[in-house]
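File shown here: target_37.cif, holding mmCIF, C-alpha atoms.
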data_coords
#
loop_
_atom_site.label_atom_id
_atom_site.label_comp_id
_atom_site.auth_asym_id
_atom_site.auth_seq_id
_atom_site.Cartn_x
_atom_site.Cartn_y
_atom_site.Cartn_z
CA MET A 7 -147.49 -97.84 -94.36
CA PRO A 8 -149.44 -94.56 -94.16
CA ALA A 9 -146.48 -92.35 -93.27
CA SER A 10 -145.11 -92.86 -96.77
CA ARG A 11 -148.15 -91.18 -98.35
CA PRO A 12 -148.24 -87.78 -96.65
CA ARG A 13 -150.64 -86.10 -99.07
CA ARG A 14 -153.38 -88.69 -98.84
CA PRO A 15 -156.50 -86.55 -98.36
CA GLY A 16 -157.61 -86.18 -94.79
CA ARG A 17 -154.53 -87.79 -93.34
CA ARG A 18 -151.92 -85.03 -93.15
CA PRO A 19 -152.76 -81.31 -92.90
CA VAL A 20 -150.64 -78.90 -94.95
CA GLN A 21 -149.06 -77.45 -91.81
CA ASP A 22 -147.78 -80.87 -90.80
CA ALA A 23 -146.33 -81.47 -94.26
CA THR A 24 -144.49 -78.16 -94.13
CA ASP A 25 -143.12 -78.96 -90.70
CA LEU A 26 -142.07 -82.42 -91.79
CA ARG A 27 -140.30 -81.13 -94.87
CA ALA A 28 -138.40 -78.59 -92.75
CA HIS A 29 -137.62 -81.30 -90.21
CA LEU A 30 -136.11 -83.47 -92.96
CA LEU A 31 -134.02 -80.56 -94.26
CA ASP A 32 -132.73 -79.95 -90.73
CA ALA A 33 -131.82 -83.62 -90.39
CA ALA A 34 -130.10 -83.55 -93.78
CA VAL A 35 -128.03 -80.47 -93.05
CA GLN A 36 -126.91 -81.99 -89.77
CA ALA A 37 -125.99 -85.29 -91.43
CA TYR A 38 -124.08 -83.49 -94.19
CA ALA A 39 -122.18 -81.48 -91.56
CA ASN A 40 -121.39 -84.59 -89.51
CA ALA A 41 -120.51 -87.08 -92.22
CA GLY A 42 -120.53 -85.28 -95.57
CA VAL A 43 -122.99 -85.38 -98.44
CA ALA A 44 -121.57 -88.49 -100.13
CA ALA A 45 -121.75 -90.54 -96.93
CA SER A 46 -125.30 -89.45 -96.03
CA THR A 47 -127.95 -91.56 -97.76
CA ASN A 48 -131.61 -90.62 -97.73
CA ARG A 49 -132.08 -93.77 -95.65
CA ALA A 50 -129.61 -92.60 -92.98
CA ILE A 51 -131.20 -89.15 -92.92
CA ALA A 52 -134.65 -90.69 -92.54
CA ARG A 53 -133.40 -92.76 -89.63
CA ALA A 54 -131.87 -89.68 -87.98
CA ALA A 55 -135.15 -87.81 -88.50
CA GLY A 56 -137.18 -90.72 -87.14
CA VAL A 57 -139.30 -91.12 -90.27
CA ASN A 58 -139.85 -93.73 -92.94
CA PRO A 59 -137.22 -93.49 -95.73
CA ALA A 60 -140.01 -93.38 -98.30
CA LEU A 61 -140.96 -89.96 -96.96
CA VAL A 62 -137.53 -88.54 -97.74
CA ASN A 63 -137.78 -89.91 -101.24
CA TYR A 64 -141.32 -88.59 -101.56
CA TYR A 65 -140.34 -85.03 -100.66
CA PHE A 66 -136.88 -84.82 -102.24
CA GLY A 67 -136.06 -87.83 -104.39
CA ASP A 68 -132.41 -87.49 -105.33
CA ARG A 69 -132.48 -83.68 -105.00
CA LEU A 70 -132.02 -83.44 -101.24
CA PRO A 71 -128.52 -81.88 -101.50
CA ASP A 72 -129.90 -79.23 -103.89
CA ALA A 73 -132.73 -78.47 -101.49
CA VAL A 74 -130.24 -78.10 -98.61
CA VAL A 75 -128.26 -75.60 -100.68
CA GLU A 76 -131.32 -73.59 -101.71
CA GLU A 77 -133.24 -73.69 -98.45
CA ARG A 78 -130.54 -73.89 -95.78
CA LEU A 79 -127.06 -72.90 -97.00
CA LEU A 80 -127.84 -69.95 -99.28
CA PRO A 81 -130.33 -68.33 -96.85
CA VAL A 82 -127.59 -68.45 -94.19
CA MET A 83 -125.18 -66.79 -96.60
CA ALA A 84 -127.85 -64.16 -97.25
CA GLU A 85 -127.93 -63.55 -93.50
CA VAL A 86 -124.20 -62.81 -93.60
CA MET A 87 -124.73 -60.33 -96.42
CA ALA A 88 -127.62 -58.66 -94.60
CA GLY A 89 -125.45 -58.44 -91.49
CA MET A 90 -122.81 -56.52 -93.45
CA GLY A 91 -125.22 -53.63 -94.13
CA GLU A 92 -123.84 -50.42 -95.62
CA PRO A 93 -120.04 -50.46 -95.96
CA PRO A 94 -118.57 -48.85 -92.86
CA GLU A 95 -115.92 -46.14 -92.87
CA THR A 96 -112.67 -47.86 -91.86
CA PRO A 97 -111.06 -51.18 -92.80
CA LEU A 98 -111.08 -52.16 -89.13
CA ALA A 99 -114.81 -51.44 -88.87
CA LEU A 100 -115.41 -53.40 -92.07
CA GLY A 101 -113.45 -56.39 -90.79
CA SER A 102 -115.14 -56.22 -87.40
CA ARG A 103 -118.57 -56.16 -88.98
CA PHE A 104 -117.68 -59.21 -91.08
CA VAL A 105 -116.60 -61.01 -87.91
CA ASP A 106 -119.89 -60.12 -86.21
CA ALA A 107 -121.97 -61.17 -89.21
CA VAL A 108 -120.27 -64.56 -89.55
CA CYS A 109 -120.18 -65.26 -85.80
CA GLY A 110 -123.88 -64.37 -85.68
CA VAL A 111 -124.84 -66.96 -88.29
CA ILE A 112 -122.58 -69.57 -86.69
CA GLU A 113 -124.35 -68.98 -83.39
CA ARG A 114 -127.77 -69.38 -85.02
CA HIS A 115 -126.73 -72.28 -87.30
CA PRO A 116 -124.10 -74.37 -85.48
CA TRP A 117 -123.93 -76.86 -88.35
CA LEU A 118 -122.49 -74.25 -90.70
CA PRO A 119 -118.70 -74.40 -90.03
CA ALA A 120 -118.37 -78.18 -90.36
CA LEU A 121 -120.56 -78.27 -93.46
CA TRP A 122 -118.62 -75.45 -95.03
CA ILE A 123 -115.25 -77.15 -94.40
CA ARG A 124 -116.46 -80.48 -95.79
CA GLU A 125 -118.44 -79.36 -98.80
CA VAL A 126 -117.02 -75.97 -99.78
CA LEU A 127 -113.39 -75.83 -98.63
CA VAL A 128 -112.33 -79.40 -99.39
CA ASP A 129 -111.53 -80.05 -103.04
CA GLY A 130 -114.44 -81.85 -104.67
CA GLY A 131 -116.88 -80.47 -102.08
CA ALA A 132 -120.50 -80.94 -103.16
CA PHE A 133 -121.52 -77.32 -102.50
CA ARG A 134 -118.45 -75.48 -103.72
CA ASP A 135 -119.80 -74.46 -107.12
CA ALA A 136 -123.15 -73.34 -105.73
CA VAL A 137 -121.47 -71.15 -103.11
CA PHE A 138 -119.03 -69.74 -105.66
CA SER A 139 -121.61 -68.70 -108.17
CA ARG A 140 -124.13 -67.39 -105.66
CA ILE A 141 -122.14 -65.53 -102.99
CA GLY A 142 -118.84 -64.70 -104.68
CA ALA A 143 -119.87 -61.05 -104.88
CA LEU A 144 -119.49 -60.40 -101.13
CA PRO A 145 -115.83 -61.42 -100.70
CA ARG A 146 -114.98 -59.62 -103.95
CA ALA A 147 -116.66 -56.42 -102.73
CA VAL A 148 -114.88 -56.58 -99.37
CA ALA A 149 -111.50 -57.18 -101.05
CA ALA A 150 -112.09 -54.29 -103.48
CA ARG A 151 -112.92 -51.92 -100.64
CA LEU A 152 -109.83 -52.98 -98.70
CA GLY A 153 -107.76 -52.49 -101.85
CA ASP A 154 -109.04 -48.93 -102.10
CA ALA A 155 -108.16 -48.35 -98.44
CA GLN A 156 -104.68 -49.72 -99.04
CA ARG A 157 -104.09 -47.50 -102.07
CA ALA A 158 -105.14 -44.56 -99.88
CA GLY A 159 -102.47 -45.61 -97.38
CA ARG A 160 -104.95 -46.58 -94.69
CA ILE A 161 -103.87 -50.18 -94.07
CA ASP A 162 -100.42 -51.72 -94.01
CA ALA A 163 -98.78 -52.16 -97.42
CA GLY A 164 -97.74 -55.72 -96.53
CA LEU A 165 -101.35 -56.93 -96.34
CA ASP A 166 -102.96 -58.52 -99.37
CA PRO A 167 -106.55 -57.19 -99.53
CA ARG A 168 -107.80 -60.50 -100.95
CA LEU A 169 -106.05 -62.47 -98.23
CA VAL A 170 -107.60 -60.17 -95.63
CA VAL A 171 -110.91 -61.73 -96.66
CA VAL A 172 -109.37 -65.18 -96.23
CA SER A 173 -108.02 -64.14 -92.82
CA LEU A 174 -111.47 -62.94 -91.76
CA VAL A 175 -112.92 -66.32 -92.72
CA GLY A 176 -110.03 -67.95 -90.86
CA LEU A 177 -110.73 -65.97 -87.70
CA THR A 178 -114.38 -67.01 -87.72
CA MET A 179 -115.49 -70.00 -89.80
CA PHE A 180 -112.21 -71.93 -89.65
CA THR A 181 -111.79 -71.21 -85.94
CA ALA A 182 -115.33 -72.40 -85.21
CA ALA A 183 -114.90 -75.46 -87.43
CA SER A 184 -111.75 -76.51 -85.60
CA ALA A 185 -113.25 -75.96 -82.14
CA PRO A 186 -113.55 -79.72 -81.44
CA ILE A 187 -109.79 -80.02 -81.98
CA TRP A 188 -108.77 -77.04 -79.88
CA ARG A 189 -111.21 -77.82 -77.11
CA ARG A 190 -109.57 -81.21 -76.81
CA LEU A 191 -106.01 -79.99 -77.35
CA PHE A 192 -106.27 -77.30 -74.68
CA ASP A 193 -108.81 -79.11 -72.53
CA ALA A 194 -110.83 -75.94 -73.05
CA ASP A 195 -114.58 -76.35 -72.93
CA ASP A 196 -114.88 -72.63 -72.29
CA LEU A 197 -114.02 -71.78 -75.91
CA ASP A 198 -117.36 -70.69 -77.37
CA ILE A 199 -118.44 -68.39 -80.16
CA ASP A 200 -118.28 -65.34 -77.87
CA THR A 201 -114.61 -66.08 -77.18
CA VAL A 202 -114.03 -66.45 -80.92
CA ARG A 203 -115.73 -63.11 -81.63
CA ARG A 204 -113.87 -61.21 -78.89
CA HIS A 205 -110.56 -62.73 -79.90
CA ALA A 206 -111.13 -61.86 -83.56
CA HIS A 207 -111.92 -58.24 -82.71
CA ALA A 208 -108.74 -57.92 -80.65
CA PHE A 209 -106.69 -59.60 -83.37
CA LEU A 210 -108.04 -57.25 -86.03
CA ALA A 211 -107.36 -54.21 -83.87
CA HIS A 212 -103.81 -55.02 -82.74
CA GLY A 213 -102.53 -58.30 -84.15
CA LEU A 214 -99.88 -59.57 -81.74
CA ALA A 215 -98.33 -56.13 -81.30
CA SER A 216 -97.00 -55.27 -77.89
CA THR A 217 -99.36 -53.24 -75.73
CA GLU A 218 -96.47 -51.95 -73.68
CA THR A 219 -95.76 -48.24 -74.03
CA PRO A 220 -92.34 -47.77 -75.62
CA PRO A 221 -89.89 -46.06 -73.25
CA MET B 13 -95.12 -110.95 -112.87
CA PRO B 14 -91.56 -110.06 -111.83
CA ALA B 15 -92.31 -106.52 -110.66
CA SER B 16 -94.35 -107.97 -107.80
CA ARG B 17 -91.30 -109.71 -106.33
CA PRO B 18 -88.87 -106.86 -105.74
CA ARG B 19 -86.53 -108.75 -103.44
CA ARG B 20 -85.88 -111.67 -105.77
CA PRO B 21 -82.08 -112.05 -105.64
CA GLY B 22 -80.26 -110.42 -108.50
CA ARG B 23 -83.31 -108.65 -109.83
CA ARG B 24 -83.66 -105.49 -107.77
CA PRO B 25 -80.78 -103.87 -105.89
CA VAL B 26 -81.49 -102.52 -102.38
CA GLN B 27 -81.17 -98.95 -103.60
CA ASP B 28 -83.99 -99.47 -106.08
CA ALA B 29 -86.22 -100.99 -103.45
CA THR B 30 -85.65 -98.01 -101.17
CA ASP B 31 -86.43 -95.61 -103.98
CA LEU B 32 -89.52 -97.55 -104.93
CA ARG B 33 -90.83 -97.59 -101.38
CA ALA B 34 -90.32 -93.81 -101.12
CA HIS B 35 -91.94 -93.36 -104.50
CA LEU B 36 -95.01 -95.27 -103.31
CA LEU B 37 -95.19 -93.20 -100.12
CA ASP B 38 -95.05 -90.02 -102.20
CA ALA B 39 -97.84 -91.30 -104.43
CA ALA B 40 -99.90 -92.23 -101.38
CA VAL B 41 -99.50 -88.88 -99.65
CA GLN B 42 -100.54 -87.12 -102.86
CA ALA B 43 -103.57 -89.36 -103.29
CA TYR B 44 -104.60 -88.87 -99.68
CA ALA B 45 -104.29 -85.08 -100.10
CA ASN B 46 -106.29 -85.11 -103.34
CA ALA B 47 -109.06 -87.56 -102.51
CA GLY B 48 -108.73 -88.55 -98.85
CA VAL B 49 -107.53 -91.76 -97.23
CA ALA B 50 -110.84 -93.61 -97.43
CA ALA B 51 -111.21 -92.97 -101.16
CA SER B 52 -107.61 -93.95 -102.01
CA THR B 53 -107.21 -97.70 -102.50
CA ASN B 54 -103.81 -99.33 -102.81
CA ARG B 55 -104.85 -100.12 -106.37
CA ALA B 56 -105.47 -96.45 -107.21
CA ILE B 57 -102.19 -95.46 -105.58
CA ALA B 58 -100.33 -98.13 -107.55
CA ARG B 59 -101.88 -96.81 -110.75
CA ALA B 60 -100.85 -93.24 -109.88
CA ALA B 61 -97.33 -94.47 -109.11
CA GLY B 62 -97.18 -96.47 -112.32
CA VAL B 63 -96.49 -99.81 -110.61
CA ASN B 64 -98.20 -103.13 -110.19
CA PRO B 65 -100.72 -103.08 -107.29
CA ALA B 66 -99.06 -106.19 -105.86
CA LEU B 67 -96.01 -104.06 -105.11
CA VAL B 68 -98.00 -101.71 -102.89
CA ASN B 69 -99.40 -104.68 -101.03
CA TYR B 70 -95.94 -106.24 -100.80
CA TYR B 71 -94.41 -103.17 -99.18
CA PHE B 72 -97.31 -101.93 -97.07
CA GLY B 73 -100.22 -104.37 -97.00
CA ASP B 74 -103.05 -102.56 -95.24
CA ARG B 75 -100.67 -100.30 -93.27
CA LEU B 76 -100.03 -97.69 -95.94
CA PRO B 77 -101.87 -94.91 -94.03
CA ASP B 78 -99.78 -95.67 -90.93
CA ALA B 79 -96.59 -95.53 -92.98
CA VAL B 80 -97.64 -92.16 -94.43
CA VAL B 81 -98.16 -90.81 -90.91
CA GLU B 82 -94.83 -92.13 -89.62
CA GLU B 83 -92.68 -91.40 -92.65
CA ARG B 84 -94.29 -88.34 -94.21
CA LEU B 85 -96.66 -86.45 -91.91
CA LEU B 86 -94.83 -86.63 -88.58
CA PRO B 87 -91.41 -85.78 -90.08
CA VAL B 88 -92.99 -82.66 -91.59
CA MET B 89 -94.41 -81.74 -88.20
CA ALA B 90 -90.93 -82.26 -86.75
CA GLU B 91 -89.66 -79.76 -89.32
CA VAL B 92 -92.14 -77.20 -87.97
CA MET B 93 -90.88 -77.82 -84.43
CA ALA B 94 -87.26 -77.54 -85.52
CA GLY B 95 -88.12 -74.30 -87.32
CA MET B 96 -89.45 -72.83 -84.07
CA GLY B 97 -86.03 -73.05 -82.38
CA GLU B 98 -85.53 -71.35 -79.03
CA PRO B 99 -88.56 -69.32 -77.93
CA PRO B 100 -88.06 -65.72 -79.07
CA GLU B 101 -88.50 -62.69 -76.88
CA THR B 102 -91.81 -61.12 -77.92
CA PRO B 103 -95.24 -62.54 -78.80
CA LEU B 104 -94.98 -60.92 -82.23
CA ALA B 105 -91.61 -62.59 -82.85
CA LEU B 106 -93.02 -65.92 -81.64
CA GLY B 107 -96.02 -65.65 -83.96
CA SER B 108 -93.86 -64.57 -86.87
CA ARG B 109 -91.53 -67.48 -86.38
CA PHE B 110 -94.48 -69.88 -86.34
CA VAL B 111 -95.67 -68.37 -89.62
CA ASP B 112 -92.21 -68.82 -91.16
CA ALA B 113 -91.90 -72.40 -89.91
CA VAL B 114 -95.30 -73.46 -91.26
CA CYS B 115 -94.94 -71.59 -94.57
CA GLY B 116 -91.52 -73.23 -94.96
CA VAL B 117 -92.90 -76.75 -94.68
CA ILE B 118 -95.84 -75.90 -96.96
CA GLU B 119 -93.37 -74.68 -99.56
CA ARG B 120 -91.33 -77.89 -99.31
CA HIS B 121 -94.36 -80.20 -99.02
CA PRO B 122 -97.22 -78.73 -101.07
CA TRP B 123 -99.49 -81.69 -100.27
CA LEU B 124 -99.58 -80.77 -96.58
CA PRO B 125 -102.45 -78.22 -96.33
CA ALA B 126 -105.02 -80.30 -98.23
CA LEU B 127 -104.07 -83.47 -96.36
CA TRP B 128 -104.27 -81.69 -93.06
CA ILE B 129 -107.73 -80.26 -93.78
CA ARG B 130 -109.08 -83.62 -94.95
CA GLU B 131 -107.57 -85.95 -92.39
CA VAL B 132 -106.89 -83.84 -89.31
CA LEU B 133 -109.34 -80.93 -89.30
CA VAL B 134 -112.46 -82.70 -90.56
CA ASP B 135 -114.29 -84.73 -87.95
CA GLY B 136 -113.46 -88.41 -88.39
CA GLY B 137 -110.17 -87.58 -90.15
CA ALA B 138 -107.89 -90.61 -90.39
CA PHE B 139 -104.81 -88.85 -89.00
CA ARG B 140 -106.36 -86.71 -86.28
CA ASP B 141 -105.49 -88.96 -83.34
CA ALA B 142 -101.92 -89.51 -84.51
CA VAL B 143 -101.34 -85.77 -84.89
CA PHE B 144 -102.97 -85.05 -81.54
CA SER B 145 -100.90 -87.47 -79.54
CA ARG B 146 -97.63 -86.77 -81.30
CA ILE B 147 -97.47 -83.01 -81.83
CA GLY B 148 -99.89 -81.59 -79.27
CA ALA B 149 -96.96 -80.31 -77.23
CA LEU B 150 -96.04 -77.52 -79.65
CA PRO B 151 -99.38 -75.65 -79.75
CA ARG B 152 -99.71 -76.08 -75.98
CA ALA B 153 -96.23 -74.60 -75.43
CA VAL B 154 -96.95 -71.64 -77.74
CA ALA B 155 -100.30 -70.97 -76.02
CA ALA B 156 -98.67 -71.16 -72.56
CA ARG B 157 -95.99 -68.68 -73.56
CA LEU B 158 -98.58 -66.28 -75.00
CA GLY B 159 -100.59 -66.63 -71.80
CA ASP B 160 -97.54 -65.58 -69.79
CA ALA B 161 -97.07 -62.58 -72.10
CA GLN B 162 -100.70 -61.62 -71.66
CA ARG B 163 -100.53 -61.83 -67.87
CA ALA B 164 -97.49 -59.56 -68.07
CA GLY B 165 -99.63 -57.08 -70.02
CA ARG B 166 -97.67 -57.50 -73.26
CA ILE B 167 -100.51 -58.49 -75.60
CA ASP B 168 -104.07 -57.25 -75.79
CA ALA B 169 -106.36 -58.53 -73.02
CA GLY B 170 -109.07 -59.36 -75.57
CA LEU B 171 -106.95 -62.05 -77.23
CA ASP B 172 -107.33 -65.66 -76.17
CA PRO B 173 -103.80 -67.16 -76.09
CA ARG B 174 -105.11 -70.55 -77.22
CA LEU B 175 -107.02 -68.99 -80.09
CA VAL B 176 -103.87 -67.11 -81.10
CA VAL B 177 -102.46 -70.53 -81.97
CA VAL B 178 -105.60 -71.26 -83.99
CA SER B 179 -105.27 -67.88 -85.72
CA LEU B 180 -101.64 -68.65 -86.61
CA VAL B 181 -102.74 -71.94 -88.18
CA GLY B 182 -105.52 -70.03 -89.93
CA LEU B 183 -103.10 -67.48 -91.39
CA THR B 184 -100.89 -70.24 -92.80
CA MET B 185 -102.27 -73.76 -93.19
CA PHE B 186 -105.92 -72.78 -93.70
CA THR B 187 -104.98 -69.96 -96.08
CA ALA B 188 -102.78 -72.29 -98.14
CA ALA B 189 -105.43 -75.02 -98.12
CA SER B 190 -108.08 -72.67 -99.44
CA ALA B 191 -105.82 -71.22 -102.15
CA PRO B 192 -107.67 -73.05 -104.97
CA ILE B 193 -110.86 -71.31 -103.87
CA TRP B 194 -109.42 -67.84 -103.52
CA ARG B 195 -107.37 -68.06 -106.70
CA ARG B 196 -110.59 -68.79 -108.54
CA LEU B 197 -112.73 -66.31 -106.60
CA PHE B 198 -110.34 -63.42 -107.14
CA ASP B 199 -108.95 -64.67 -110.46
CA ALA B 200 -105.63 -64.42 -108.63
CA ASP B 201 -102.95 -66.80 -109.82
CA ASP B 202 -100.36 -64.55 -108.20
CA LEU B 203 -101.35 -65.69 -104.69
CA ASP B 204 -98.44 -67.92 -103.67
CA ILE B 205 -96.88 -68.96 -100.38
CA ASP B 206 -94.68 -65.83 -100.33
CA THR B 207 -97.79 -63.66 -100.49
CA VAL B 208 -99.31 -65.73 -97.67
CA ARG B 209 -96.17 -65.30 -95.54
CA ARG B 210 -95.87 -61.54 -96.13
CA HIS B 211 -99.57 -61.01 -95.50
CA ALA B 212 -99.43 -63.02 -92.26
CA HIS B 213 -96.49 -61.00 -90.96
CA ALA B 214 -98.28 -57.73 -91.68
CA PHE B 215 -101.49 -59.03 -90.09
CA LEU B 216 -99.65 -60.12 -86.93
CA ALA B 217 -97.90 -56.77 -86.68
CA HIS B 218 -100.87 -54.45 -87.22
CA GLY B 219 -104.13 -56.30 -87.77
CA LEU B 220 -106.38 -54.02 -89.80
CA ALA B 221 -105.45 -50.97 -87.77
CA SER B 222 -105.20 -47.71 -89.62
CA THR B 223 -101.68 -46.70 -90.61
CA GLU B 224 -102.72 -43.06 -90.79
CA THR B 225 -101.20 -40.82 -88.15
CA PRO B 226 -103.95 -39.49 -85.89
CA PRO B 227 -104.35 -35.70 -86.16
#

Represent the structure from my file as structure tokens, please.
Amino acid sequence: MPASRPRRPGRRPVQDATDLRAHLLDAAVQAYANAGVAASTNRAIARAAGVNPALVNYYFGDRLPDAVVEERLLPVMAEVMAGMGEPPETPLALGSRFVDAVCGVIERHPWLPALWIREVLVDGGAFRDAVFSRIGALPRAVAARLGDAQRAGRIDAGLDPRLVVVSLVGLTMFTAASAPIWRRLFDADDLDIDTVRRHAHAFLAHGLASTETPP
Amino acid sequence: MPASRPRRPGRRPVQDATDLRAHLLDAAVQAYANAGVAASTNRAIARAAGVNPALVNYYFGDRLPDAVVEERLLPVMAEVMAGMGEPPETPLALGSRFVDAVCGVIERHPWLPALWIREVLVDGGAFRDAVFSRIGALPRAVAARLGDAQRAGRIDAGLDPRLVVVSLVGLTMFTAASAPIWRRLFDADDLDIDTVRRHAHAFLAHGLASTETPP
């Protein structure tokens, strides 16, 4: 059928082809977030995208996961890095900016937390190596800066600067990824990314310390 | 072959059968943590346990995942609840006790974090419903108590009491589950559960607030 031959002259303008390719990538990233890479065949992704499976094979063959990494996942990680900007003065400001950068990308790309849990965090995840080799520099830079701050006596000696990075990811990506659980557990449909962001800022600033003035 | 008939009179004392059953459950919980429930056949679990597959079928049939929930996962959750004891006075003490209780079970049951990520956190996880219905009371009780403390002005107004529970899970279970990543990322084999516990306590007490005395 014609839809399986998108570049046949006169049938499909370049603009359409570009849109279709992007549409397939969007469908793929959503399928990978929902069900994982291994469970998402090109056929299932084609069905979700409402196109003939031959089109998916035509554009991507067996390299659809690679294309999702290059054209969806890594650009989103680049957005996080851009959102970090110049390193701010204090550890609290650094942590807060990380929270804002990650919450910003989650808001713009709601598929990110589930995909990241499935394919980066879980052992054997399809995208773990790609993420490691391509964005490892950011968490290392943040941890190094926090280590400097700790050696200068500016954050608590009990903190582990590397685990601060983990905690920042926990306050944002993990919290967003587990939202379906907590919404159900607490019957709380009001928990959105703004709540997550505000909560994270308060947690970074005070932890669970008492706000009562000591007598 | 004889090993597939464990209850044949005179061949296998009761004590052995009990040990063997426990041994198979241990092998199953490890396989589920490593590869997930769906990817772990009775045959693979038998191979890991070093027994004939017929034995796994004899003891569990197709109910091995249920047995793991009842006899491994829920008892561990009960340990967390027991570790919480009577509710302590302050939100910080409550959070710290939660951290200690969860880090304690992770130390005793190292398979827990990976299993929990795979089969509770991830959408479609095999154990999510069981965990929901059986241990939902604890996080709800902790959130309610933190809500009371917040209404009494004892913790920061920007915190969400329900998300505090999520943050406590993030500081413990999520941090432990992602240890393989962060050990590799930071080349940090020294990150163990004691580091996680100490870090979490410091984070709860101060967040990333400056420890410098204001001028």

Please tabulate, as a tab-separated table, the residues of chain A that come within 6 Å of chain B, each with its closest pair of atoms and the distance in Å to one decimal, counting only C-alpha atoms and ordering rows by chain, then residue number upward.
residue	atom	partner	partner_atom	distance
A:Leu98	CA	B:Leu220	CA	5.1
A:Arg160	CA	B:Ser222	CA	5.2
A:Ile161	CA	B:Ser222	CA	5.3
A:Gly164	CA	B:Ala214	CA	5.3
A:Leu165	CA	B:His211	CA	4.5
A:Asp166	CA	B:His211	CA	5.7
A:Gly176	CA	B:Gly182	CA	5.1
A:His205	CA	B:Leu171	CA	4.5
A:Ala208	CA	B:Gly170	CA	5.3
A:Leu210	CA	B:Gly219	CA	4.4
A:Ala211	CA	B:Ala221	CA	5.4
A:His212	CA	B:Gly219	CA	5.2
A:Gly213	CA	B:Leu216	CA	4.4
A:Leu214	CA	B:Leu104	CA	5.1
A:Ala215	CA	B:Ala217	CA	5.4
A:Ser216	CA	B:Arg166	CA	5.2
A:Thr217	CA	B:Arg166	CA	5.2
A:Glu218	CA	B:Arg166	CA	5.7

Handout entry: Point-to-point distance in Å for atom CA of A:Gly131 and atom CA of A:Tyr64
Key =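 A separation of 25.8 Å between them.
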
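Here atom CA of A:Arg103 and atom CA of A:Arg78 stand 22.4 Å from one another.
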
Exercise for the section: Decode the PyMOL selection byres ((chain B and resi 71) around 10) for the given file into explicit residues and return them as a VMD selection string. Expected result: chain B and resid 16 18 29 32 to 33 36 66 to 70 72 to 76

Practice task
Least-squares fit chain A onto chain B by Cα, in order, and just send back the RMSD.
Solution key: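 After least-squares fitting, the two copies differ by 0.1 Å C-alpha RMSD.
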
Practice task
Starting from the point (-101.2, -91.5, -84.8), work out which residues of protein, DNA or RNA have an atom no more than 10 Å away when counting all atoms listed in the file; state them as number ranges by chain.
Solution key: B: 77-78, 81-82, 85-86, 138-147

Practice task
Take atom CA of B:Arg55 and atom CA of B:Asp31 and report the distance between them in Å, one decimal.
Solution key: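 Those two atoms sit 19.1 Å apart.
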
Dump stretch 55-70 of chain B with C-alpha atoms to a file, as an mmCIF file, in the first residue's frame.
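What ended up in result-v8.cif:
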data_model
loop_
_atom_site.group_PDB
_atom_site.id
_atom_site.type_symbol
_atom_site.label_atom_id
_atom_site.label_comp_id
_atom_site.auth_asym_id
_atom_site.auth_seq_id
_atom_site.Cartn_x
_atom_site.Cartn_y
_atom_site.Cartn_z
ATOM 1 C CA ARG B 55 13.277 -23.602 35.140
ATOM 2 C CA ALA B 56 15.754 -20.713 35.440
ATOM 3 C CA ILE B 57 15.143 -20.493 39.177
ATOM 4 C CA ALA B 58 15.706 -24.242 39.549
ATOM 5 C CA ARG B 59 18.977 -23.916 37.661
ATOM 6 C CA ALA B 60 20.089 -21.027 39.900
ATOM 7 C CA ALA B 61 19.143 -23.084 42.964
ATOM 8 C CA GLY B 62 20.949 -26.136 41.640
ATOM 9 C CA VAL B 63 17.884 -28.409 41.741
ATOM 10 C CA ASN B 64 15.717 -30.278 39.299
ATOM 11 C CA PRO B 65 13.003 -28.018 37.793
ATOM 12 C CA ALA B 66 10.387 -30.607 38.767
ATOM 13 C CA LEU B 67 11.079 -29.733 42.404
ATOM 14 C CA VAL B 68 10.129 -26.094 41.879
ATOM 15 C CA ASN B 69 6.922 -27.188 40.215
ATOM 16 C CA TYR B 70 6.284 -29.716 42.977
#
